[in-house]
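Just my_file10.txt here, compact mmCIF, C-alpha atoms:
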# COMPACT_ATOMS: atom_id res chain seq x y z
CA MET A 20 196.32 -66.31 132.18
CA LYS A 21 199.37 -65.24 134.13
CA GLU A 22 201.85 -62.80 132.61
CA LEU A 23 205.35 -64.03 133.34
CA PHE A 24 207.53 -61.44 131.79
CA ALA A 25 207.60 -58.58 129.28
CA LEU A 26 210.58 -57.07 127.59
CA GLU A 27 210.69 -53.91 125.47
CA LEU A 28 213.74 -53.17 123.41
CA PRO A 29 215.13 -51.22 120.50
CA LEU A 30 215.44 -53.56 117.53
CA GLY A 31 218.95 -54.35 116.41
CA ASN A 32 221.28 -57.29 116.27
CA GLY A 33 223.09 -56.04 119.37
CA GLN A 34 220.05 -56.79 121.52
CA MET A 35 219.66 -60.44 120.55
CA THR A 36 222.00 -61.81 123.23
CA THR A 37 220.04 -60.04 125.97
CA VAL A 38 216.76 -61.31 124.54
CA ARG A 39 218.03 -64.89 124.24
CA LEU A 40 219.32 -64.89 127.81
CA ALA A 41 216.06 -63.46 129.17
CA THR A 42 214.06 -65.96 127.10
CA GLY A 43 216.19 -68.80 128.46
CA GLY A 44 215.31 -67.63 131.98
CA VAL A 45 211.60 -67.56 131.18
CA ALA A 46 211.82 -71.04 129.63
CA ALA A 47 213.55 -72.37 132.76
CA SER A 48 211.04 -70.81 135.15
CA PHE A 49 208.16 -72.21 133.08
CA GLY A 50 209.79 -75.65 133.12
CA LEU A 51 210.71 -76.22 129.49
CA GLY A 52 213.46 -78.75 128.72
CA LEU A 53 216.76 -77.70 127.16
CA ASP A 54 215.78 -78.53 123.58
CA ASP A 55 212.47 -76.67 123.84
CA SER A 56 214.24 -73.79 125.53
CA GLU A 57 216.63 -73.49 122.56
CA ASP A 58 213.69 -73.70 120.16
CA LEU A 59 211.87 -70.98 122.10
CA LYS A 60 214.91 -68.69 121.92
CA LEU A 61 215.14 -69.33 118.18
CA CYS A 62 211.45 -68.50 117.68
CA VAL A 63 211.68 -65.26 119.66
CA THR A 64 214.75 -64.06 117.75
CA GLU A 65 213.18 -65.03 114.41
CA SER A 66 210.08 -63.02 115.36
CA LEU A 67 212.22 -60.01 116.20
CA LEU A 68 214.09 -60.34 112.91
CA LEU A 69 210.77 -60.39 111.03
CA LEU A 70 209.73 -57.15 112.76
CA LEU A 71 213.15 -55.62 112.18
CA HIS A 72 213.01 -56.44 108.47
CA ALA A 73 209.49 -55.02 108.32
CA GLY A 74 210.83 -51.71 109.60
CA SER A 75 209.86 -51.70 113.28
CA GLY A 76 212.16 -49.57 115.40
CA ARG A 77 211.22 -51.18 118.70
CA ALA A 78 209.58 -54.38 119.87
CA ARG A 79 207.83 -55.73 122.91
CA VAL A 80 208.09 -59.41 123.83
CA GLU A 81 205.38 -60.71 126.14
CA PHE A 82 205.40 -64.11 127.84
CA SER A 83 202.32 -65.47 129.59
CA GLU A 84 201.26 -68.93 130.71
CA ASP A 85 198.24 -70.94 131.80
CA GLY A 86 200.10 -73.67 133.65
CA ALA A 87 200.51 -76.04 130.72
CA GLN A 88 201.32 -73.67 127.88
CA LEU A 89 203.66 -70.75 127.43
CA PHE A 90 202.27 -68.04 125.15
CA VAL A 91 204.57 -65.60 123.41
CA ALA A 92 203.58 -62.41 121.59
CA VAL A 93 206.18 -60.27 119.86
CA LEU A 94 204.84 -56.87 118.84
CA GLY A 95 206.33 -54.12 116.74
CA ALA A 96 206.38 -50.80 118.56
CA GLY A 97 207.56 -47.25 118.11
CA GLU A 98 208.30 -45.66 114.74
CA THR A 99 207.55 -48.07 111.91
CA THR A 100 208.73 -47.56 108.35
CA PHE A 101 207.22 -50.63 106.74
CA GLY A 102 209.91 -52.18 104.64
CA GLY A 103 209.38 -54.89 102.08
CA GLY A 104 210.83 -57.65 104.23
CA MET A 105 213.80 -59.82 103.31
CA PRO A 106 214.07 -62.99 101.22
CA GLU A 107 214.93 -65.05 104.30
CA ASP A 108 211.68 -64.01 106.00
CA ASP A 109 209.99 -66.99 104.34
CA ILE A 110 212.46 -69.25 106.14
CA SER A 111 211.82 -67.48 109.45
CA GLU A 112 208.06 -67.92 109.13
CA ALA A 113 208.42 -71.58 108.14
CA LEU A 114 210.79 -72.16 111.08
CA LEU A 115 208.26 -70.65 113.49
CA SER A 116 205.57 -72.97 112.14
CA ALA A 117 207.91 -75.95 112.40
CA LEU A 118 209.11 -75.31 115.96
CA ALA A 119 206.18 -73.66 117.76
CA GLU A 120 202.48 -74.32 118.01
CA ASP A 121 199.90 -71.95 116.50
CA ALA A 122 202.49 -69.62 115.00
CA LEU A 123 200.70 -66.57 113.63
CA VAL A 124 202.25 -63.66 111.76
CA GLU A 125 199.93 -60.65 111.64
CA ARG A 126 200.32 -57.94 109.01
CA LYS A 127 199.01 -54.43 108.61
CA ASP A 128 199.55 -52.34 105.48
CA ALA A 129 201.79 -55.09 104.08
CA GLY A 130 204.11 -54.91 107.11
CA ILE A 131 204.44 -57.45 109.93
CA VAL A 132 203.18 -55.96 113.21
CA ARG A 133 202.77 -58.95 115.53
CA VAL A 134 204.03 -62.53 115.80
CA SER A 135 202.57 -64.98 118.29
CA PHE A 136 203.02 -68.65 119.10
CA ARG A 137 202.99 -71.04 122.03
CA PHE A 138 204.98 -73.87 123.56
CA SER A 139 203.55 -76.71 125.65
CA LYS A 140 205.22 -78.46 128.58
CA MET B 30 213.25 -70.39 84.31
CA ASN B 31 211.22 -69.62 87.45
CA GLU B 32 210.86 -71.94 90.45
CA GLU B 33 207.69 -73.66 89.23
CA GLU B 34 209.05 -74.26 85.72
CA LEU B 35 212.31 -75.60 87.10
CA PHE B 36 210.60 -78.16 89.32
CA GLN B 37 208.06 -79.01 86.62
CA GLN B 38 210.83 -79.78 84.17
CA TYR B 39 212.72 -81.83 86.74
CA HIS B 40 209.67 -83.93 87.59
CA GLU B 41 209.12 -84.64 83.92
CA THR B 42 212.73 -85.46 83.02
CA HIS B 43 214.39 -86.51 86.34
CA ASP B 44 217.52 -85.00 84.86
CA VAL B 45 220.34 -85.23 87.43
CA ALA B 46 221.99 -82.04 86.16
CA LEU B 47 218.73 -80.19 86.67
CA ARG B 48 218.38 -81.58 90.16
CA ASN B 49 221.92 -80.46 90.96
CA GLN B 50 221.06 -76.99 89.71
CA ILE B 51 217.98 -76.86 91.95
CA VAL B 52 219.99 -78.05 94.95
CA GLU B 53 222.64 -75.41 94.28
CA ASN B 54 219.95 -72.73 93.96
CA TYR B 55 218.54 -73.59 97.37
CA LEU B 56 221.68 -74.62 99.23
CA TYR B 57 221.57 -71.26 101.00
CA ILE B 58 218.42 -72.43 102.83
CA ALA B 59 220.32 -75.41 104.25
CA GLN B 60 223.14 -73.09 105.32
CA VAL B 61 220.82 -70.49 106.86
CA ILE B 62 218.93 -73.09 108.90
CA ALA B 63 222.11 -74.89 109.96
CA LYS B 64 223.46 -71.57 111.25
CA LYS B 65 220.31 -70.99 113.29
CA PHE B 66 220.81 -74.35 115.02
CA SER B 67 224.55 -73.96 115.60
CA GLY B 68 225.81 -73.58 119.15
CA ARG B 69 223.83 -76.57 120.43
CA GLY B 70 226.75 -78.99 120.55
CA VAL B 71 227.00 -80.12 116.93
CA GLU B 72 229.57 -78.65 114.54
CA TYR B 73 228.15 -76.22 111.97
CA ASP B 74 229.66 -78.25 109.10
CA ASP B 75 227.85 -81.38 110.31
CA LEU B 76 224.59 -79.46 110.47
CA VAL B 77 225.09 -78.15 106.93
CA GLN B 78 225.66 -81.72 105.76
CA VAL B 79 222.47 -82.98 107.45
CA ALA B 80 220.51 -80.01 106.10
CA SER B 81 221.90 -80.48 102.58
CA LEU B 82 220.89 -84.15 102.51
CA ALA B 83 217.38 -83.19 103.64
CA LEU B 84 217.34 -80.57 100.89
CA MET B 85 218.30 -83.11 98.23
CA ARG B 86 215.60 -85.52 99.37
CA GLY B 87 213.10 -82.67 99.52
CA VAL B 88 213.72 -81.72 95.89
CA ASP B 89 212.37 -85.12 94.82
CA ARG B 90 209.30 -84.86 97.05
CA PHE B 91 208.32 -81.26 96.30
CA ASP B 92 205.20 -80.82 94.19
CA PRO B 93 204.96 -77.27 92.77
CA ALA B 94 201.34 -77.88 91.78
CA ARG B 95 200.33 -77.60 95.45
CA GLY B 96 200.94 -73.86 95.33
CA VAL B 97 203.44 -73.74 98.19
CA ARG B 98 206.84 -72.09 97.75
CA PHE B 99 209.80 -74.43 97.96
CA SER B 100 211.35 -72.53 100.88
CA THR B 101 208.10 -72.94 102.85
CA PHE B 102 208.01 -76.65 102.03
CA ILE B 103 211.66 -77.46 102.69
CA THR B 104 212.25 -75.49 105.93
CA PRO B 105 210.21 -77.82 108.21
CA THR B 106 211.75 -80.84 106.45
CA ILE B 107 215.29 -79.62 107.12
CA THR B 108 214.37 -78.55 110.65
CA GLY B 109 212.96 -82.00 111.38
CA GLU B 110 216.10 -83.73 110.08
CA ILE B 111 218.34 -81.49 112.18
CA LYS B 112 216.29 -82.14 115.31
CA ASN B 113 216.42 -85.87 114.64
CA TYR B 114 220.18 -85.59 114.29
CA PHE B 115 220.44 -83.79 117.63
CA ARG B 116 218.34 -86.47 119.26
CA ASP B 117 220.39 -89.32 117.80
CA HIS B 118 223.92 -87.96 118.02
CA ALA B 119 224.45 -85.03 120.32
CA ARG B 120 222.70 -85.54 123.62
CA VAL B 121 224.89 -87.93 125.57
CA ILE B 122 228.24 -86.25 125.03
CA HIS B 123 227.35 -82.58 124.59
CA LEU B 124 225.99 -81.37 127.89
CA PRO B 125 228.69 -82.37 130.36
CA ARG B 126 231.38 -81.38 127.88
CA ALA B 127 230.03 -77.96 127.02
CA VAL B 128 229.62 -76.60 130.54
CA SER B 129 232.93 -77.64 132.03
CA GLU B 130 235.05 -77.02 128.93
CA LEU B 131 233.57 -73.63 128.14
CA ARG B 132 233.88 -72.51 131.76
CA ALA B 133 237.57 -73.41 131.80
CA ASP B 134 238.15 -71.75 128.43
CA ILE B 135 236.39 -68.56 129.56
CA ARG B 136 238.57 -68.43 132.66
CA ASP B 137 241.78 -68.93 130.64
CA THR B 138 240.80 -66.38 128.02
CA ASP B 139 239.75 -63.88 130.67
CA ASP B 140 243.21 -64.20 132.30
CA ARG B 141 245.04 -63.95 128.98
CA LEU B 142 243.09 -60.93 127.69
CA THR B 143 243.39 -59.14 131.03
CA VAL B 144 247.17 -59.24 130.60
CA GLU B 145 247.05 -58.35 126.90
CA LEU B 146 244.56 -55.48 127.20
CA GLY B 147 245.63 -54.17 130.60
CA ARG B 148 242.02 -54.35 131.80
CA LYS B 149 239.27 -56.94 132.24
CA PRO B 150 237.90 -58.02 128.85
CA THR B 151 234.19 -57.72 128.03
CA ALA B 152 232.02 -60.77 127.38
CA GLN B 153 232.02 -59.80 123.70
CA GLU B 154 235.83 -59.77 123.57
CA ILE B 155 236.03 -63.18 125.25
CA ALA B 156 233.38 -64.53 122.87
CA SER B 157 235.29 -63.22 119.88
CA ALA B 158 238.57 -64.74 121.12
CA LEU B 159 236.93 -68.14 121.70
CA GLY B 160 234.85 -68.11 118.52
CA VAL B 161 231.59 -68.61 120.43
CA SER B 162 228.55 -66.40 120.94
CA GLU B 163 228.36 -63.73 123.62
CA GLU B 164 225.38 -65.60 125.04
CA GLU B 165 227.46 -68.74 125.53
CA VAL B 166 230.09 -66.73 127.41
CA VAL B 167 227.54 -65.11 129.72
CA SER B 168 225.72 -68.36 130.45
CA GLY B 169 229.03 -70.27 130.69
CA ALA B 170 230.28 -67.81 133.29
CA GLU B 171 226.97 -68.18 135.13
CA ALA B 172 227.55 -71.93 135.15
CA GLY B 173 230.71 -71.25 137.15
CA THR B 174 228.58 -71.45 140.26
CA VAL B 175 227.74 -75.08 139.55
CA VAL B 176 229.24 -77.56 142.02
CA SER B 177 230.01 -81.21 141.49
CA LEU B 178 227.23 -83.52 142.64
CA ASP B 179 229.93 -85.81 144.02
CA ARG B 180 231.33 -83.10 146.30
CA PRO B 181 230.67 -83.83 150.01
CA THR B 182 228.09 -81.64 151.76
CA ALA B 183 228.88 -79.61 154.85
CA ASP B 184 228.39 -82.59 157.17
CA GLY B 185 231.00 -84.49 155.18
CA ASP B 186 229.04 -87.73 155.30
CA THR B 187 226.93 -87.43 152.19
CA THR B 188 227.28 -86.00 148.70
CA PHE B 189 224.96 -83.54 146.97
CA HIS B 190 224.06 -86.37 144.60
CA GLU B 191 222.71 -88.46 147.48
CA LEU B 192 220.61 -85.57 148.76
CA ILE B 193 218.80 -84.97 145.48
CA ALA B 194 215.92 -87.30 144.72
CA ALA B 195 215.80 -88.62 141.16
CA PRO B 196 213.00 -87.02 139.13
CA ASP B 197 210.10 -89.26 138.15
CA ASP B 198 210.32 -88.62 134.45
CA GLY B 199 213.59 -88.94 132.57
CA GLY B 200 215.25 -90.78 135.44
CA ILE B 201 215.41 -94.07 133.59
CA GLU B 202 216.85 -92.38 130.53
CA GLN B 203 219.49 -90.66 132.65
CA MET B 204 220.42 -93.97 134.25
CA GLU B 205 220.67 -95.60 130.83
CA ASN B 206 222.86 -92.76 129.59
CA ARG B 207 225.07 -93.04 132.68
CA ASP B 208 225.39 -96.79 132.19
CA LEU B 209 226.28 -96.27 128.54
CA LEU B 210 228.86 -93.67 129.49
CA ASN B 211 230.40 -95.82 132.24
CA SER B 212 230.60 -98.78 129.91
CA ALA B 213 232.26 -96.67 127.20
CA LEU B 214 234.70 -95.12 129.68
CA GLU B 215 235.87 -98.57 130.79
CA LYS B 216 236.99 -99.25 127.23
CA LEU B 217 239.30 -96.21 127.16
CA ARG B 218 243.01 -96.37 127.94
CA GLU B 219 244.16 -95.20 131.39
CA ALA B 220 245.60 -91.91 130.03
CA GLU B 221 242.37 -91.23 128.16
CA ARG B 222 240.27 -91.80 131.29
CA THR B 223 242.60 -89.55 133.29
CA LEU B 224 242.19 -86.80 130.72
CA ILE B 225 238.39 -87.12 130.75
CA ARG B 226 238.40 -86.93 134.57
CA HIS B 227 240.58 -83.80 134.69
CA ARG B 228 238.81 -81.97 131.88
CA PHE B 229 235.14 -82.89 132.32
CA VAL B 230 234.73 -84.01 135.93
CA GLU B 231 237.17 -81.65 137.68
CA GLY B 232 236.67 -78.88 135.09
CA LEU B 233 240.40 -78.19 134.66
CA SER B 234 241.67 -76.18 131.69
CA GLN B 235 243.85 -77.84 129.07
CA ALA B 236 246.89 -76.09 130.56
CA GLU B 237 246.08 -77.35 134.08
CA THR B 238 245.47 -80.85 132.73
CA ALA B 239 248.81 -80.74 130.91
CA GLY B 240 250.50 -79.86 134.22
CA ARG B 241 248.83 -82.73 136.04
CA MET B 242 249.66 -85.22 133.30
CA HIS B 243 253.23 -83.89 132.78
CA VAL B 244 252.75 -83.37 129.04
CA SER B 245 252.44 -80.30 126.79
CA GLN B 246 249.13 -78.47 126.30
CA MET B 247 249.33 -79.36 122.60
CA CYS B 248 249.49 -83.01 123.56
CA VAL B 249 246.41 -82.62 125.79
CA SER B 250 244.57 -80.88 122.99
CA ARG B 251 245.35 -83.68 120.51
CA LEU B 252 244.59 -86.44 123.01
CA GLU B 253 241.32 -84.77 123.97
CA ARG B 254 240.16 -84.55 120.37
CA LYS B 255 241.02 -88.20 119.73
CA THR B 256 239.52 -89.39 123.02
CA LEU B 257 236.22 -87.59 122.49
CA ALA B 258 235.96 -88.99 118.96
CA LYS B 259 236.68 -92.46 120.33
CA LEU B 260 234.16 -92.00 123.14
CA ARG B 261 231.53 -90.76 120.70
CA ASN B 262 232.04 -93.84 118.51
CA LEU B 263 231.89 -96.15 121.50
CA LEU B 264 228.67 -94.52 122.72
CA GLN B 265 227.06 -94.81 119.32
CA LYS B 266 227.98 -98.48 119.15
CA GLU B 267 226.75 -99.10 122.70
CA ALA B 268 223.49 -97.27 122.02
CA ALA B 269 222.95 -99.29 118.83
CA GLU B 270 223.41 -102.64 120.61

What is this structure when it is put down as structure tokens?
Amino acid sequence: MKELFALELPLGNGQMTTVRLATGGVAASFGLGLDDSEDLKLCVTESLLLLLHAGSGRARVEFSEDGAQLFVAVLGAGETTFGGGMPEDDISEALLSALAEDALVERKDAGIVRVSFRFSK
Amino acid sequence: MNEEELFQQYHETHDVALRNQIVENYLYIAQVIAKKFSGRGVEYDDLVQVASLALMRGVDRFDPARGVRFSTFITPTITGEIKNYFRDHARVIHLPRAVSELRADIRDTDDRLTVELGRKPTAQEIASALGVSEEEVVSGAEAGTVVSLDRPTADGDTTFHELIAAPDDGGIEQMENRDLLNSALEKLREAERTLIRHRFVEGLSQAETAGRMHVSQMCVSRLERKTLAKLRNLLQKEAAE
């Protein structure tokens, strides 16, 4: 498994543009098409929103690949004040399942701590 | 009445008023998902319409007895409909239009705001003025380095297009799309073809196009809107035949 890229950031709406642009670059270097690239960006930002709503102050986005698949893990980091989530979190989780393969939302003490999924070429 | 009771009652009665109430209750899901897919070349209002239709159909198919929440059930349904819509309606016209038009608009807005503000505007300020996302501005500006494939190379004898081998996969589809586009362009009036060439092949701004065509920018704007709608209709007809 080759790690392509990792990004650590404070969570806030102001960071989403940077994350989307970086994710677009990763998608291009991995060889995803434009539609999949847009879907990947959407999945990464939805994952970050889930962590933000759960109270994470920071997040780390890790991209790795095995040649045919791009694996993404989005982890909550830093100070965490587990919130109760938001009503639209259901939509975010369902979107992840609809757009990515093997979408998994991991919880600890009722808060979301890690989101992972993969995209295939 | 909670979600389960509402759907249970609707499935027993098929009362249209009840269905309308359910659709209204969950219309926000259609709007939220449409917003997440905006910025990919289809108007937000069109996406909301597609998502709302999927929502209405989903209300009839949802079975609360399966123990899944409606939002969990309907989100993939709406997402699938939106992706189908992109596949069927947006691909041919969106990509060439977005890059060249946005690049020209960014350049114009950058010039205008530089004068207004007395300094170079930020990407966020340009995005706000154009009503697009900051990401689109940054990637649109990046696309400014793109050159036309028809431009001659340094030796002057060949074009970039001739130097690039066609990819194995997708090549046929690209050729079909190009044929469709050429066929549709032939059906446009001369002025409409001229406008398309200036705006989307040469990447000129609306103001520059107006200068070349000796008409007002307002006229270019109106003609562009009408021409693109006409081209879209022609392409849909061609693709259907």

Val132 of chain A surroundings by only C-alpha atoms, 9 Å radius, close-in-sequence under 2 positions cut, as a PDB file with C-alpha atoms, in the coordinates of the input:
ATOM      1  CA  LEU A  70     209.730 -57.150 112.760  1.00  0.00           C
ATOM      2  CA  ALA A  73     209.490 -55.020 108.320  1.00  0.00           C
ATOM      3  CA  SER A  75     209.860 -51.700 113.280  1.00  0.00           C
ATOM      4  CA  VAL A  93     206.180 -60.270 119.860  1.00  0.00           C
ATOM      5  CA  LEU A  94     204.840 -56.870 118.840  1.00  0.00           C
ATOM      6  CA  GLY A  95     206.330 -54.120 116.740  1.00  0.00           C
ATOM      7  CA  ALA A  96     206.380 -50.800 118.560  1.00  0.00           C
ATOM      8  CA  VAL A 124     202.250 -63.660 111.760  1.00  0.00           C
ATOM      9  CA  GLU A 125     199.930 -60.650 111.640  1.00  0.00           C
ATOM     10  CA  ARG A 126     200.320 -57.940 109.010  1.00  0.00           C
ATOM     11  CA  LYS A 127     199.010 -54.430 108.610  1.00  0.00           C
ATOM     12  CA  GLY A 130     204.110 -54.910 107.110  1.00  0.00           C
ATOM     13  CA  VAL A 134     204.030 -62.530 115.800  1.00  0.00           C
TER      14      VAL A 134
END

For Gly52 of chain A, work out the shell of residues within 10 Å, counting only C-alpha atoms and skipping chain neighbours fewer than 6 positions away, then give it as a PDB file with C-alpha atoms, keeping the file's coordinate frame.
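The result, written out as around.pdb:
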ATOM      1  CA  ALA A  46     211.820 -71.040 129.630  1.00  0.00           C
ATOM      2  CA  ASP A  58     213.690 -73.700 120.160  1.00  0.00           C
ATOM      3  CA  LYS A 140     205.220 -78.460 128.580  1.00  0.00           C
TER       4      LYS A 140
END

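When atom CA of Val91 of chain A is paired with atom CA of Gln34 of chain A, their separation reads 17.9 Å.
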
Exercise for review: Select residues of chain B: the criterion is any atom within 12 Å of an atom of chain A, counting all atoms listed in the file; output as a PyMOL selection string.
Suggested key: chain B and resi 55+57-70+97-113+115-116+119-120+123-124+152-153+156+162-169+171+198-199

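Interatomic distance, atom CA of Glu154 of chain B against atom CA of Glu130 of chain B: 18.1 Å.
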
TODO: Tell me, as a PyMOL selection string, which residues lie within 12 Å of Ala269 of chain B, counting all atoms listed in the file; anything in the same chain fewer than 6 positions away does not count.
DONE: chain B and resi 117-118+209+262-263

Judged by all atoms listed in the file, the minimum distance to Glu215 of chain B among B:Leu260, B:Thr143, B:Arg48, B:Thr151 is found for B:Leu260

Q: Counting only C-alpha atoms, note down every residue that has an atom within 8 Å of the point (204.4, -66.8, 127.2) (file coordinates), as a PyMOL selection string.
A: chain A and resi 22-24+81-84+88-92+137-138

Generate the output file for the selected residues, C-alpha atoms, as a CSV table (one decimal), keeping the file's coordinate frame.
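again_2.csv, freshly written:
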chain,number,residue,atom,x,y,z
A,22,GLU,CA,201.8,-62.8,132.6
A,23,LEU,CA,205.4,-64.0,133.3
A,24,PHE,CA,207.5,-61.4,131.8
A,81,GLU,CA,205.4,-60.7,126.1
A,82,PHE,CA,205.4,-64.1,127.8
A,83,SER,CA,202.3,-65.5,129.6
A,84,GLU,CA,201.3,-68.9,130.7
A,88,GLN,CA,201.3,-73.7,127.9
A,89,LEU,CA,203.7,-70.8,127.4
A,90,PHE,CA,202.3,-68.0,125.2
A,91,VAL,CA,204.6,-65.6,123.4
A,92,ALA,CA,203.6,-62.4,121.6
A,137,ARG,CA,203.0,-71.0,122.0
A,138,PHE,CA,205.0,-73.9,123.6

For Ser66 of chain A, the closest of A:Ala25, A:Ala78, A:Ala41, A:Met105 counting only C-alpha atoms is A:Ala78

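One distance worth recording is that between atom CA of Arg77 of chain A and atom CA of Asp121 of chain A, which is 23.8 Å.
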
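Between Phe136 of chain A and the candidates A:Leu51, A:Leu67, A:Leu28, A:Cys62, the tightest atom-to-atom separation, counting all atoms listed in the file, involves A:Cys62.
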
Give me, as a PyMOL selection string, all polymer residues having an atom no more than 12 Å from Tyr39 of chain B, counting all atoms listed in the file and skipping those fewer than 2 positions away in the same chain. chain B and resi 30+32-37+41-52+88-93

Using all atoms listed in the file, the best pick from B:Ala268, B:Ile155, B:Leu131, B:Leu146 as closest to Asp208 of chain B would be B:Ala268

Requested in this report: Give as a PyMOL selection string each residue that has an atom at most 12 Å from (247.2, -79.7, 132.8) in the file, counting all atoms listed in the file.
Outcome: chain B and resi 133+223-228+231-250+253

Reconstructed N, CA and C atoms for segment 53-72 of chain A, given as a PDB file, in the frame of the given file:
ATOM      1  N   LEU A  53     215.706 -78.443 127.857  1.00  0.00           N
ATOM      2  CA  LEU A  53     216.760 -77.700 127.160  1.00  0.00           C
ATOM      3  C   LEU A  53     216.497 -77.546 125.671  1.00  0.00           C
ATOM      4  N   ASP A  54     216.030 -78.612 125.025  1.00  0.00           N
ATOM      5  CA  ASP A  54     215.780 -78.530 123.580  1.00  0.00           C
ATOM      6  C   ASP A  54     214.666 -77.525 123.284  1.00  0.00           C
ATOM      7  N   ASP A  55     213.581 -77.607 124.053  1.00  0.00           N
ATOM      8  CA  ASP A  55     212.470 -76.670 123.840  1.00  0.00           C
ATOM      9  C   ASP A  55     212.897 -75.244 124.158  1.00  0.00           C
ATOM     10  N   SER A  56     213.753 -75.117 125.167  1.00  0.00           N
ATOM     11  CA  SER A  56     214.240 -73.790 125.530  1.00  0.00           C
ATOM     12  C   SER A  56     215.021 -73.173 124.369  1.00  0.00           C
ATOM     13  N   GLU A  57     215.878 -73.985 123.729  1.00  0.00           N
ATOM     14  CA  GLU A  57     216.630 -73.490 122.560  1.00  0.00           C
ATOM     15  C   GLU A  57     215.690 -73.144 121.423  1.00  0.00           C
ATOM     16  N   ASP A  58     214.670 -73.980 121.223  1.00  0.00           N
ATOM     17  CA  ASP A  58     213.690 -73.700 120.160  1.00  0.00           C
ATOM     18  C   ASP A  58     212.935 -72.409 120.446  1.00  0.00           C
ATOM     19  N   LEU A  59     212.591 -72.205 121.719  1.00  0.00           N
ATOM     20  CA  LEU A  59     211.870 -70.980 122.100  1.00  0.00           C
ATOM     21  C   LEU A  59     212.728 -69.751 121.806  1.00  0.00           C
ATOM     22  N   LYS A  60     214.010 -69.822 122.174  1.00  0.00           N
ATOM     23  CA  LYS A  60     214.910 -68.690 121.920  1.00  0.00           C
ATOM     24  C   LYS A  60     214.971 -68.402 120.422  1.00  0.00           C
ATOM     25  N   LEU A  61     215.063 -69.478 119.639  1.00  0.00           N
ATOM     26  CA  LEU A  61     215.140 -69.330 118.180  1.00  0.00           C
ATOM     27  C   LEU A  61     213.872 -68.652 117.657  1.00  0.00           C
ATOM     28  N   CYS A  62     212.713 -69.070 118.155  1.00  0.00           N
ATOM     29  CA  CYS A  62     211.450 -68.500 117.680  1.00  0.00           C
ATOM     30  C   CYS A  62     211.332 -67.017 118.048  1.00  0.00           C
ATOM     31  N   VAL A  63     211.767 -66.671 119.256  1.00  0.00           N
ATOM     32  CA  VAL A  63     211.680 -65.260 119.660  1.00  0.00           C
ATOM     33  C   VAL A  63     212.609 -64.407 118.793  1.00  0.00           C
ATOM     34  N   THR A  64     213.832 -64.878 118.564  1.00  0.00           N
ATOM     35  CA  THR A  64     214.750 -64.060 117.750  1.00  0.00           C
ATOM     36  C   THR A  64     214.284 -63.991 116.296  1.00  0.00           C
ATOM     37  N   GLU A  65     213.705 -65.077 115.779  1.00  0.00           N
ATOM     38  CA  GLU A  65     213.180 -65.030 114.410  1.00  0.00           C
ATOM     39  C   GLU A  65     212.037 -64.013 114.318  1.00  0.00           C
ATOM     40  N   SER A  66     211.197 -63.979 115.343  1.00  0.00           N
ATOM     41  CA  SER A  66     210.080 -63.020 115.360  1.00  0.00           C
ATOM     42  C   SER A  66     210.613 -61.587 115.352  1.00  0.00           C
ATOM     43  N   LEU A  67     211.634 -61.355 116.145  1.00  0.00           N
ATOM     44  CA  LEU A  67     212.220 -60.010 116.200  1.00  0.00           C
ATOM     45  C   LEU A  67     212.856 -59.643 114.858  1.00  0.00           C
ATOM     46  N   LEU A  68     213.491 -60.612 114.219  1.00  0.00           N
ATOM     47  CA  LEU A  68     214.090 -60.340 112.910  1.00  0.00           C
ATOM     48  C   LEU A  68     213.012 -59.997 111.877  1.00  0.00           C
ATOM     49  N   LEU A  69     211.881 -60.695 111.947  1.00  0.00           N
ATOM     50  CA  LEU A  69     210.770 -60.390 111.030  1.00  0.00           C
ATOM     51  C   LEU A  69     210.314 -58.940 111.217  1.00  0.00           C
ATOM     52  N   LEU A  70     210.169 -58.526 112.481  1.00  0.00           N
ATOM     53  CA  LEU A  70     209.730 -57.150 112.760  1.00  0.00           C
ATOM     54  C   LEU A  70     210.794 -56.142 112.332  1.00  0.00           C
ATOM     55  N   LEU A  71     212.052 -56.496 112.572  1.00  0.00           N
ATOM     56  CA  LEU A  71     213.150 -55.620 112.180  1.00  0.00           C
ATOM     57  C   LEU A  71     213.149 -55.410 110.659  1.00  0.00           C
ATOM     58  N   HIS A  72     213.020 -56.527 109.932  1.00  0.00           N
ATOM     59  CA  HIS A  72     213.010 -56.440 108.470  1.00  0.00           C
ATOM     60  C   HIS A  72     211.791 -55.679 107.951  1.00  0.00           C
TER      61      HIS A  72
END
